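Scroll down for the structure; my scribbles are underneath it.
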Amino acid sequence: MQHFLTTESLSKDQLTNILDTAESFTNVDGGTVKKIPLLRGKTIVNLFFEASTRTRTTFELAAKRLSADVLNINISSSATVKGESLLDTLRNLEAMHVDMFIIRHQDSGAAEFLSRHISPHISVINAGDGRHAHPTQAMLDMYTIRKMKGSFDNLKVAIVGDLLHSRVARSQIHALKTLGAKEIRIIAPRTLLPARIESLGVKVFHKMEAGLKDVDVIVMLRLQKERMQGALLPSEHEYFNLFGLTQERVALADNDVIVMHPGPINRGVEISSEVADGPQSVILQQVSYSIAVRMAIMSMLAGHQP
Amino acid sequence: MQHFLTTESLSKDQLTNILDTAESFTNVDGGTVKKIPLLRGKTIVNLFFEASTRTRTTFELAAKRLSADVLNINISSSATVKGESLLDTLRNLEAMHVDMFIIRHQDSGAAEFLSRHISPHISVINAGDGRHAHPTQAMLDMYTIRKMKGSFDNLKVAIVGDLLHSRVARSQIHALKTLGAKEIRIIAPRTLLPARIESLGVKVFHKMEAGLKDVDVIVMLRLQKERMQGALLPSEHEYFNLFGLTQERVALADNDVIVMHPGPINRGVEISSEVADGPQSVILQQVSYSIAVRMAIMSMLAGHQP
Amino acid sequence: MQHFLTTESLSKDQLTNILDTAESFTNVDGGTVKKIPLLRGKTIVNLFFEASTRTRTTFELAAKRLSADVLNINISSSATVKGESLLDTLRNLEAMHVDMFIIRHQDSGAAEFLSRHISPHISVINAGDGRHAHPTQAMLDMYTIRKMKGSFDNLKVAIVGDLLHSRVARSQIHALKTLGAKEIRIIAPRTLLPARIESLGVKVFHKMEAGLKDVDVIVMLRLQKERMQGALLPSEHEYFNLFGLTQERVALADNDVIVMHPGPINRGVEISSEVADGPQSVILQQVSYSIAVRMAIMSMLAGHQP
């Protein structure tokens, strides 16, 4: 692998290899190993066109634990001030002999666009592009599921919420299918469903009660309030009544169900505090594992480099 | 010590231990030692809800000289964008397996709140919370006083200015009392005095001429213009006439008096340039010593960690 | 050298020494060497009063490749919030025992002002001050020219565009003269020419066709739109018609001409995309070489330090 742009194009072996490598960066207590010199002398650029404390921070921590130098570039506030194009910004950073770009961008396809125009010795990691993909988030979710459930065989997974705007869900669905999950369910209001979602091989539900029955994993999506345009939803309160995850609804799932969320959570909108902080929640474990998973992807890309 | 939240709860031995440890990080020329590997592999998060170049920078320098990795998170500009609560932000950073939080927050009690909710292996340092405390500033002030005066016995110290809004003064008074200063005087207009200040064991003055007589240390407080609400003061000019530190007023103190200020100074408001830049001023030494003192506190907390 | 403020005051030997040192930091493939421990334990402060992703980033990369610790301080957004003067900001940073300041400021003379007030053990590098100088940019341009052309003897160089506002051009002219370039031409509209420019020993042209004839190097200047005040120019389109660099105009120069630009480029304003991305362009090489040149200047200043 030179780049890591989407979970869609990867084989089961490749995905499993990432999970195994991440495992090797994890301590017995679930934390990540302390500083190792694997990427010493490498320069990694966090190129964020959208603000994201959590994702940026975990990439920065992952890079530093691999002993790389990290440059944080927040493009919205600096580079395009002088009217430079995305490609010119890229070419200039490339000329500085950096080794890896972590890119987050509001436009679908931005990471793939950069990867097509970049020198062969530089790697691109997609940290979220528009509504398209967020593959490192999906991989840390897969890591969390494997850690909690042992394997993907026989798993029933429900993904709940704003599928229309969710790059996370797209990447999860591809990864879950490739890794062999038995059944993937989508639970969403009709207004928040992308067209032809069934073609991805998922079952669509419009009621929590039916969709959550007997599932092993519930993946809640953040209600992307800032992205909602027009009258897709009546109100947050009504959304919670129809699609919010409550303890009563969790009880419909398998006894050992785990509850996941990419964060930041909207308490009382898509999930109740009782569930978010409850015994089935693995939301903070997801954050915790995110560093090892991102270390794994970074080091595997770097290993490919000349 | 797991946390460093206030000078109030600490014994004379504990405060002296911090000063002695800071001394060990200082060169013969008064600068701090160069990089040492004491905190290698540790991750320290500067979590600033209020901007402060000076405090943030000296903490960052202190952490880097101890070879720690530093994450700067300016919450006002990023994390709460998505509406996450303080506790959720904390939980997420905690899940990233960081080792220490340096927190500055506009609300009194914020650092203590976080320390009560945090995992036992993580330390919290209070870098200023509301009007409550700023204990690392107080400790660098104590360090400066001991360096200049040798000991606290027989010392008369005057703290001058906006006591009402000053977290620095509260922390200084507790530390000075514990370390055995002979007499602590407060000089302030009635409108800038907190209620029941005498209960802290200080003498209150409302005139510079009386309060400064024969003191060994003058601690000027910054006039927190941005915090002043309502008509607490007639004008900056009149404030300077009544409570500004001039060379004539310095002459009322002991011949060897030192003049301190936590910075940034308002020239011509609480202090004249002549005094700020004069021979009695140790204002820049305070900044200089701040790195060794912060290194001391960080390394002592880390030493407590498993 | 204690400071690096302008190319004006330096001898041919000094300039050549910088270029030779930069060469020693360059790989056979034109990239910079990976991390070396030359400045380990040193603290370098990027003190930027004007935003500049490119310049700030290359200085940060250069410092990190020399193993220094880097502090980024963006003054417009933080330090002067509390109304502190430039000199007080400097004194405070100085008290933190930093070793080097990289300063960019909108006022001509700011770097020189700081250098006059700073302790003897601290170095100042001018990263651009008002309309005055940008000497590290000029040195990386000299490096690029020497790399491409072998030497400065017999070289005809044309500098094209907004000379009035260009600190880059001033520094280039001084460096080119000292290094022995045969002929320096200025091509600019009368409204964008500083008074008495001829006194620097350059030939002034007002038409591209005459000025570009047989030159070996074309240096395009960025049209500093944000600095233009009043009606100095009719329109961007007309500017391009009169002074934009097109492939037809490049053809007037020497067959082996190189085209340079300090970036970021305004495509279709001062330069056509065809030229910027064409075979004569060395614009990205300039960026690439900038790290080695800045490493050279930093390490030479540090070598002078006690």
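The chains in the structure tokens are called A, B, ... from first to last as shown; in each chain the residues are counted from 1, and the ligands are counted from 1 in the order shown.
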
Shell around segment 115-130 of chain C at 7 Å using only C-alpha atoms, local window under 5 positions removed, as a VMD selection string: chain C and resid 2 to 5 99 to 110 135 to 136 167 301 305 to 306

Least-squares superposed chain C, target chain B, every Cα, as a compact mmCIF listing (two decimals) with C-alpha atoms, in the first residue's frame:
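Below is the file selection-v6.txt, written as the result:
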# COMPACT_ATOMS: atom_id res chain seq x y z
CA MET C 1 1.24 14.29 44.88
CA GLN C 2 -0.93 13.12 42.01
CA HIS C 3 -2.18 16.60 41.10
CA PHE C 4 -1.07 20.21 41.62
CA LEU C 5 -4.22 22.27 42.02
CA THR C 6 -3.60 24.88 44.70
CA THR C 7 -0.92 25.97 47.14
CA GLU C 8 -3.49 25.87 49.93
CA SER C 9 -3.39 22.20 50.75
CA LEU C 10 0.37 21.79 50.77
CA SER C 11 2.78 21.59 53.71
CA LYS C 12 5.93 23.64 54.16
CA ASP C 13 7.98 20.55 53.35
CA GLN C 14 6.11 19.99 50.11
CA LEU C 15 6.51 23.58 48.99
CA THR C 16 10.20 23.58 49.93
CA ASN C 17 10.68 20.32 48.09
CA ILE C 18 9.30 21.92 44.91
CA LEU C 19 11.66 24.88 45.26
CA ASP C 20 14.64 22.56 45.86
CA THR C 21 13.76 20.42 42.85
CA ALA C 22 13.46 23.54 40.69
CA GLU C 23 16.91 24.59 41.89
CA SER C 24 18.29 21.30 40.60
CA PHE C 25 17.04 22.16 37.10
CA THR C 26 18.84 25.50 37.10
CA ASN C 27 22.24 26.29 35.66
CA VAL C 28 24.84 28.41 37.40
CA ASP C 29 23.86 31.24 35.07
CA GLY C 30 20.24 31.11 36.16
CA GLY C 31 19.00 29.42 33.02
CA THR C 32 17.41 26.01 32.94
CA VAL C 33 19.32 22.91 32.07
CA LYS C 34 19.10 21.75 28.48
CA LYS C 35 17.05 18.75 27.43
CA ILE C 36 17.00 15.85 29.90
CA PRO C 37 15.18 12.56 29.26
CA LEU C 38 13.16 12.48 32.50
CA LEU C 39 9.72 12.46 30.84
CA ARG C 40 10.64 10.77 27.55
CA GLY C 41 7.61 8.90 26.21
CA LYS C 42 5.17 10.87 28.36
CA THR C 43 2.44 12.92 26.70
CA ILE C 44 1.49 16.24 28.25
CA VAL C 45 -1.61 18.11 27.11
CA ASN C 46 -1.85 21.88 27.36
CA LEU C 47 -5.62 22.27 27.67
CA PHE C 48 -6.23 26.01 27.49
CA PHE C 49 -9.76 27.40 27.64
CA GLU C 50 -8.29 30.90 28.02
CA ALA C 51 -5.51 32.21 25.79
CA SER C 52 -2.18 32.83 27.53
CA THR C 53 0.99 32.97 25.49
CA ARG C 54 3.31 33.27 28.45
CA THR C 55 1.93 30.50 30.64
CA ARG C 56 1.31 28.11 27.76
CA THR C 57 4.76 28.75 26.32
CA THR C 58 6.65 28.19 29.56
CA PHE C 59 4.75 24.97 30.23
CA GLU C 60 5.50 23.81 26.69
CA LEU C 61 9.18 24.67 27.07
CA ALA C 62 9.34 22.98 30.47
CA ALA C 63 7.76 19.82 29.06
CA LYS C 64 10.06 19.77 26.03
CA ARG C 65 13.16 20.23 28.19
CA LEU C 66 12.02 17.14 30.09
CA SER C 67 11.73 15.40 26.67
CA ALA C 68 7.96 14.90 26.90
CA ASP C 69 5.67 15.11 23.89
CA VAL C 70 3.38 18.12 24.11
CA LEU C 71 -0.09 18.55 22.65
CA ASN C 72 -1.51 22.07 22.59
CA ILE C 73 -5.30 22.14 22.61
CA ASN C 74 -6.97 25.51 22.50
CA ILE C 75 -10.51 24.61 23.41
CA SER C 76 -12.13 27.94 22.71
CA SER C 77 -11.22 27.55 19.06
CA SER C 78 -11.76 23.87 18.43
CA ALA C 79 -13.19 21.15 20.65
CA THR C 80 -16.40 22.73 21.80
CA VAL C 81 -17.22 23.65 18.22
CA LYS C 82 -19.17 20.42 18.09
CA GLY C 83 -20.89 21.07 21.41
CA GLU C 84 -19.08 18.52 23.52
CA SER C 85 -19.11 18.97 27.30
CA LEU C 86 -15.94 19.56 29.33
CA LEU C 87 -16.20 16.11 30.87
CA ASP C 88 -16.63 14.38 27.50
CA THR C 89 -13.61 16.26 26.17
CA LEU C 90 -11.65 15.08 29.19
CA ARG C 91 -12.79 11.47 28.88
CA ASN C 92 -11.74 11.40 25.26
CA LEU C 93 -8.30 12.85 25.87
CA GLU C 94 -7.92 10.47 28.80
CA ALA C 95 -8.75 7.55 26.51
CA MET C 96 -5.77 8.59 24.34
CA HIS C 97 -3.47 7.51 27.20
CA VAL C 98 -1.98 10.89 27.91
CA ASP C 99 -0.09 11.32 31.17
CA MET C 100 -0.67 14.86 32.33
CA PHE C 101 -3.08 17.74 31.80
CA ILE C 102 -2.12 21.39 32.19
CA ILE C 103 -5.46 23.15 32.40
CA ARG C 104 -6.37 26.82 32.29
CA HIS C 105 -10.05 27.67 32.53
CA GLN C 106 -12.16 30.73 33.15
CA ASP C 107 -14.22 28.97 35.84
CA SER C 108 -13.02 28.64 39.43
CA GLY C 109 -12.75 24.97 40.34
CA ALA C 110 -12.33 23.64 36.79
CA ALA C 111 -8.97 21.95 37.46
CA GLU C 112 -10.21 20.43 40.70
CA PHE C 113 -13.35 19.20 38.90
CA LEU C 114 -11.24 17.46 36.26
CA SER C 115 -8.93 15.95 38.87
CA ARG C 116 -11.89 14.36 40.64
CA HIS C 117 -13.08 12.69 37.43
CA ILE C 118 -9.79 11.54 36.02
CA SER C 119 -8.06 8.14 36.00
CA PRO C 120 -5.58 7.53 38.82
CA HIS C 121 -2.60 7.39 36.47
CA ILE C 122 -3.15 10.91 35.06
CA SER C 123 -1.99 14.12 36.73
CA VAL C 124 -3.67 17.52 36.54
CA ILE C 125 -1.82 20.82 36.94
CA ASN C 126 -3.88 23.94 37.49
CA ALA C 127 -2.58 26.71 35.22
CA GLY C 128 -5.18 29.19 36.46
CA ASP C 129 -8.88 28.69 37.20
CA GLY C 130 -11.21 31.69 37.31
CA ARG C 131 -10.53 33.84 40.36
CA HIS C 132 -9.52 30.84 42.43
CA ALA C 133 -5.88 29.85 42.10
CA HIS C 134 -2.76 29.95 39.92
CA PRO C 135 -0.44 27.81 42.00
CA THR C 136 2.47 27.36 39.56
CA GLN C 137 2.68 31.15 39.27
CA ALA C 138 2.77 31.41 43.05
CA MET C 139 5.52 28.79 43.24
CA LEU C 140 7.71 30.58 40.72
CA ASP C 141 7.17 33.73 42.75
CA MET C 142 8.25 31.88 45.89
CA TYR C 143 11.28 30.60 44.02
CA THR C 144 12.16 34.14 42.96
CA ILE C 145 11.76 35.46 46.50
CA ARG C 146 13.92 32.69 48.00
CA LYS C 147 16.56 33.21 45.31
CA MET C 148 16.70 36.95 45.99
CA LYS C 149 16.17 37.01 49.74
CA GLY C 150 17.64 33.69 50.89
CA SER C 151 14.71 32.74 53.14
CA PHE C 152 11.17 33.69 54.08
CA ASP C 153 11.84 34.36 57.76
CA ASN C 154 11.44 38.00 58.77
CA LEU C 155 10.11 38.95 55.33
CA LYS C 156 7.48 41.65 54.94
CA VAL C 157 5.61 41.27 51.65
CA ALA C 158 3.09 43.71 50.16
CA ILE C 159 0.67 42.53 47.46
CA VAL C 160 -0.78 45.51 45.59
CA GLY C 161 -3.76 45.96 43.32
CA ASP C 162 -6.78 44.12 42.04
CA LEU C 163 -7.14 41.49 44.75
CA LEU C 164 -10.77 40.89 43.86
CA HIS C 165 -10.05 39.25 40.51
CA SER C 166 -6.60 37.85 41.26
CA ARG C 167 -6.11 34.10 41.38
CA VAL C 168 -2.39 34.79 41.60
CA ALA C 169 -2.72 36.68 44.89
CA ARG C 170 -4.76 33.94 46.54
CA SER C 171 -2.13 31.34 45.72
CA GLN C 172 0.70 33.63 46.80
CA ILE C 173 -0.87 34.36 50.19
CA HIS C 174 -1.29 30.66 50.98
CA ALA C 175 2.27 29.88 49.91
CA LEU C 176 3.80 32.82 51.77
CA LYS C 177 1.98 31.90 55.00
CA THR C 178 3.02 28.27 54.78
CA LEU C 179 6.62 29.15 54.02
CA GLY C 180 6.73 31.41 57.06
CA ALA C 181 6.73 34.98 55.78
CA LYS C 182 6.60 37.35 58.78
CA GLU C 183 3.99 39.77 57.48
CA ILE C 184 1.72 39.82 54.44
CA ARG C 185 0.12 43.13 53.53
CA ILE C 186 -2.60 43.80 51.01
CA ILE C 187 -2.84 47.24 49.41
CA ALA C 188 -5.97 47.77 47.35
CA PRO C 189 -8.92 50.07 46.79
CA ARG C 190 -12.04 48.99 48.68
CA THR C 191 -13.79 48.15 45.42
CA LEU C 192 -11.10 45.62 44.48
CA LEU C 193 -10.96 43.75 47.79
CA PRO C 194 -12.70 40.41 48.21
CA ALA C 195 -14.90 40.02 51.29
CA ARG C 196 -13.25 38.66 54.45
CA ILE C 197 -9.74 38.90 53.04
CA GLU C 198 -8.42 39.49 56.58
CA SER C 199 -9.39 35.94 57.48
CA LEU C 200 -6.40 34.79 55.39
CA GLY C 201 -4.13 36.42 57.96
CA VAL C 202 -3.16 39.51 56.00
CA LYS C 203 -3.10 43.19 56.95
CA VAL C 204 -5.21 45.41 54.72
CA PHE C 205 -4.09 48.89 53.62
CA HIS C 206 -5.83 51.37 51.37
CA LYS C 207 -2.89 53.72 50.91
CA MET C 208 0.38 52.89 49.21
CA GLU C 209 2.37 55.19 51.48
CA ALA C 210 1.39 53.30 54.63
CA GLY C 211 1.39 49.82 53.13
CA LEU C 212 4.78 49.90 51.41
CA LYS C 213 6.69 51.19 54.43
CA ASP C 214 9.75 48.97 55.09
CA VAL C 215 8.55 45.99 53.05
CA ASP C 216 11.13 43.59 51.55
CA VAL C 217 9.03 42.43 48.62
CA ILE C 218 6.44 44.30 46.54
CA VAL C 219 4.18 42.09 44.44
CA MET C 220 2.22 44.12 41.90
CA LEU C 221 -0.90 42.57 40.39
CA ARG C 222 -2.01 43.11 36.83
CA LEU C 223 -5.07 45.32 36.52
CA GLN C 224 -7.33 42.79 34.83
CA LYS C 225 -9.02 45.31 32.58
CA GLU C 226 -10.82 42.67 30.57
CA ARG C 227 -12.42 41.27 33.71
CA MET C 228 -13.56 44.53 35.24
CA GLN C 229 -17.29 44.82 35.17
CA GLY C 230 -19.21 47.90 36.11
CA ALA C 231 -17.70 51.02 37.61
CA LEU C 232 -15.18 49.57 40.04
CA LEU C 233 -12.59 52.16 39.11
CA PRO C 234 -12.82 55.82 38.09
CA SER C 235 -10.09 55.70 35.40
CA GLU C 236 -6.73 54.09 34.65
CA HIS C 237 -5.06 57.41 35.20
CA GLU C 238 -6.59 57.88 38.62
CA TYR C 239 -5.77 54.27 39.50
CA PHE C 240 -2.14 54.96 38.71
CA ASN C 241 -2.20 58.09 40.85
CA LEU C 242 -3.54 56.15 43.83
CA PHE C 243 -2.09 52.66 43.46
CA GLY C 244 0.53 52.75 40.68
CA LEU C 245 4.06 51.82 41.68
CA THR C 246 6.42 54.74 41.13
CA GLN C 247 10.07 55.18 42.06
CA GLU C 248 9.02 57.52 44.88
CA ARG C 249 6.81 54.87 46.37
CA VAL C 250 9.45 52.16 45.98
CA ALA C 251 11.72 54.44 48.06
CA LEU C 252 9.36 53.99 51.03
CA ALA C 253 10.16 50.28 51.18
CA ASP C 254 13.32 48.61 52.44
CA ASN C 255 16.53 49.58 50.65
CA ASP C 256 16.89 46.07 49.22
CA VAL C 257 13.25 45.69 48.23
CA ILE C 258 12.46 43.62 45.13
CA VAL C 259 9.55 44.41 42.80
CA MET C 260 7.59 41.51 41.27
CA HIS C 261 4.75 41.25 38.75
CA PRO C 262 3.22 38.14 37.14
CA GLY C 263 3.05 39.88 33.74
CA PRO C 264 2.06 41.02 31.26
CA ILE C 265 2.55 44.46 32.78
CA ASN C 266 0.39 47.48 32.02
CA ARG C 267 2.97 50.25 31.89
CA GLY C 268 1.62 53.48 33.39
CA VAL C 269 -1.41 51.73 34.85
CA GLU C 270 -0.26 49.63 37.80
CA ILE C 271 3.48 50.24 37.43
CA SER C 272 5.70 52.93 35.93
CA SER C 273 8.21 51.96 33.26
CA GLU C 274 10.95 53.39 35.43
CA VAL C 275 10.18 50.83 38.15
CA ALA C 276 9.41 47.93 35.81
CA ASP C 277 12.77 48.33 34.08
CA GLY C 278 14.63 49.52 37.18
CA PRO C 279 17.22 47.83 39.40
CA GLN C 280 14.72 46.56 41.98
CA SER C 281 12.56 44.83 39.38
CA VAL C 282 12.87 41.03 39.18
CA ILE C 283 9.98 40.69 36.75
CA LEU C 284 12.02 39.03 33.99
CA GLN C 285 13.77 36.74 36.48
CA GLN C 286 10.29 35.51 37.42
CA VAL C 287 9.71 34.49 33.80
CA SER C 288 13.14 32.94 33.65
CA TYR C 289 12.64 30.86 36.79
CA SER C 290 9.16 29.81 35.69
CA ILE C 291 10.53 27.06 33.45
CA ALA C 292 12.60 25.37 36.16
CA VAL C 293 9.70 25.59 38.62
CA ARG C 294 7.26 24.09 36.11
CA MET C 295 9.78 21.37 35.25
CA ALA C 296 10.01 20.59 38.96
CA ILE C 297 6.26 20.27 39.44
CA MET C 298 5.83 18.17 36.29
CA SER C 299 8.63 15.80 37.16
CA MET C 300 7.45 15.40 40.76
CA LEU C 301 3.94 14.51 39.61
CA ALA C 302 5.33 12.12 37.01
CA GLY C 303 7.51 10.49 39.65
CA HIS C 304 4.36 9.64 41.53
CA GLN C 305 2.91 7.89 38.52
CA PRO C 306 3.02 4.12 38.21

DSSP strand (DSSP E or B) selection over segment 31-275 of chain B, as a count of residues only: 50

Segment 19-199 of chain A: residues DSSP assigns to alpha helix (DSSP H), reported as a ChimeraX atom specification: /A:19-24,53-65,86-95,110-117,135-149,167-179
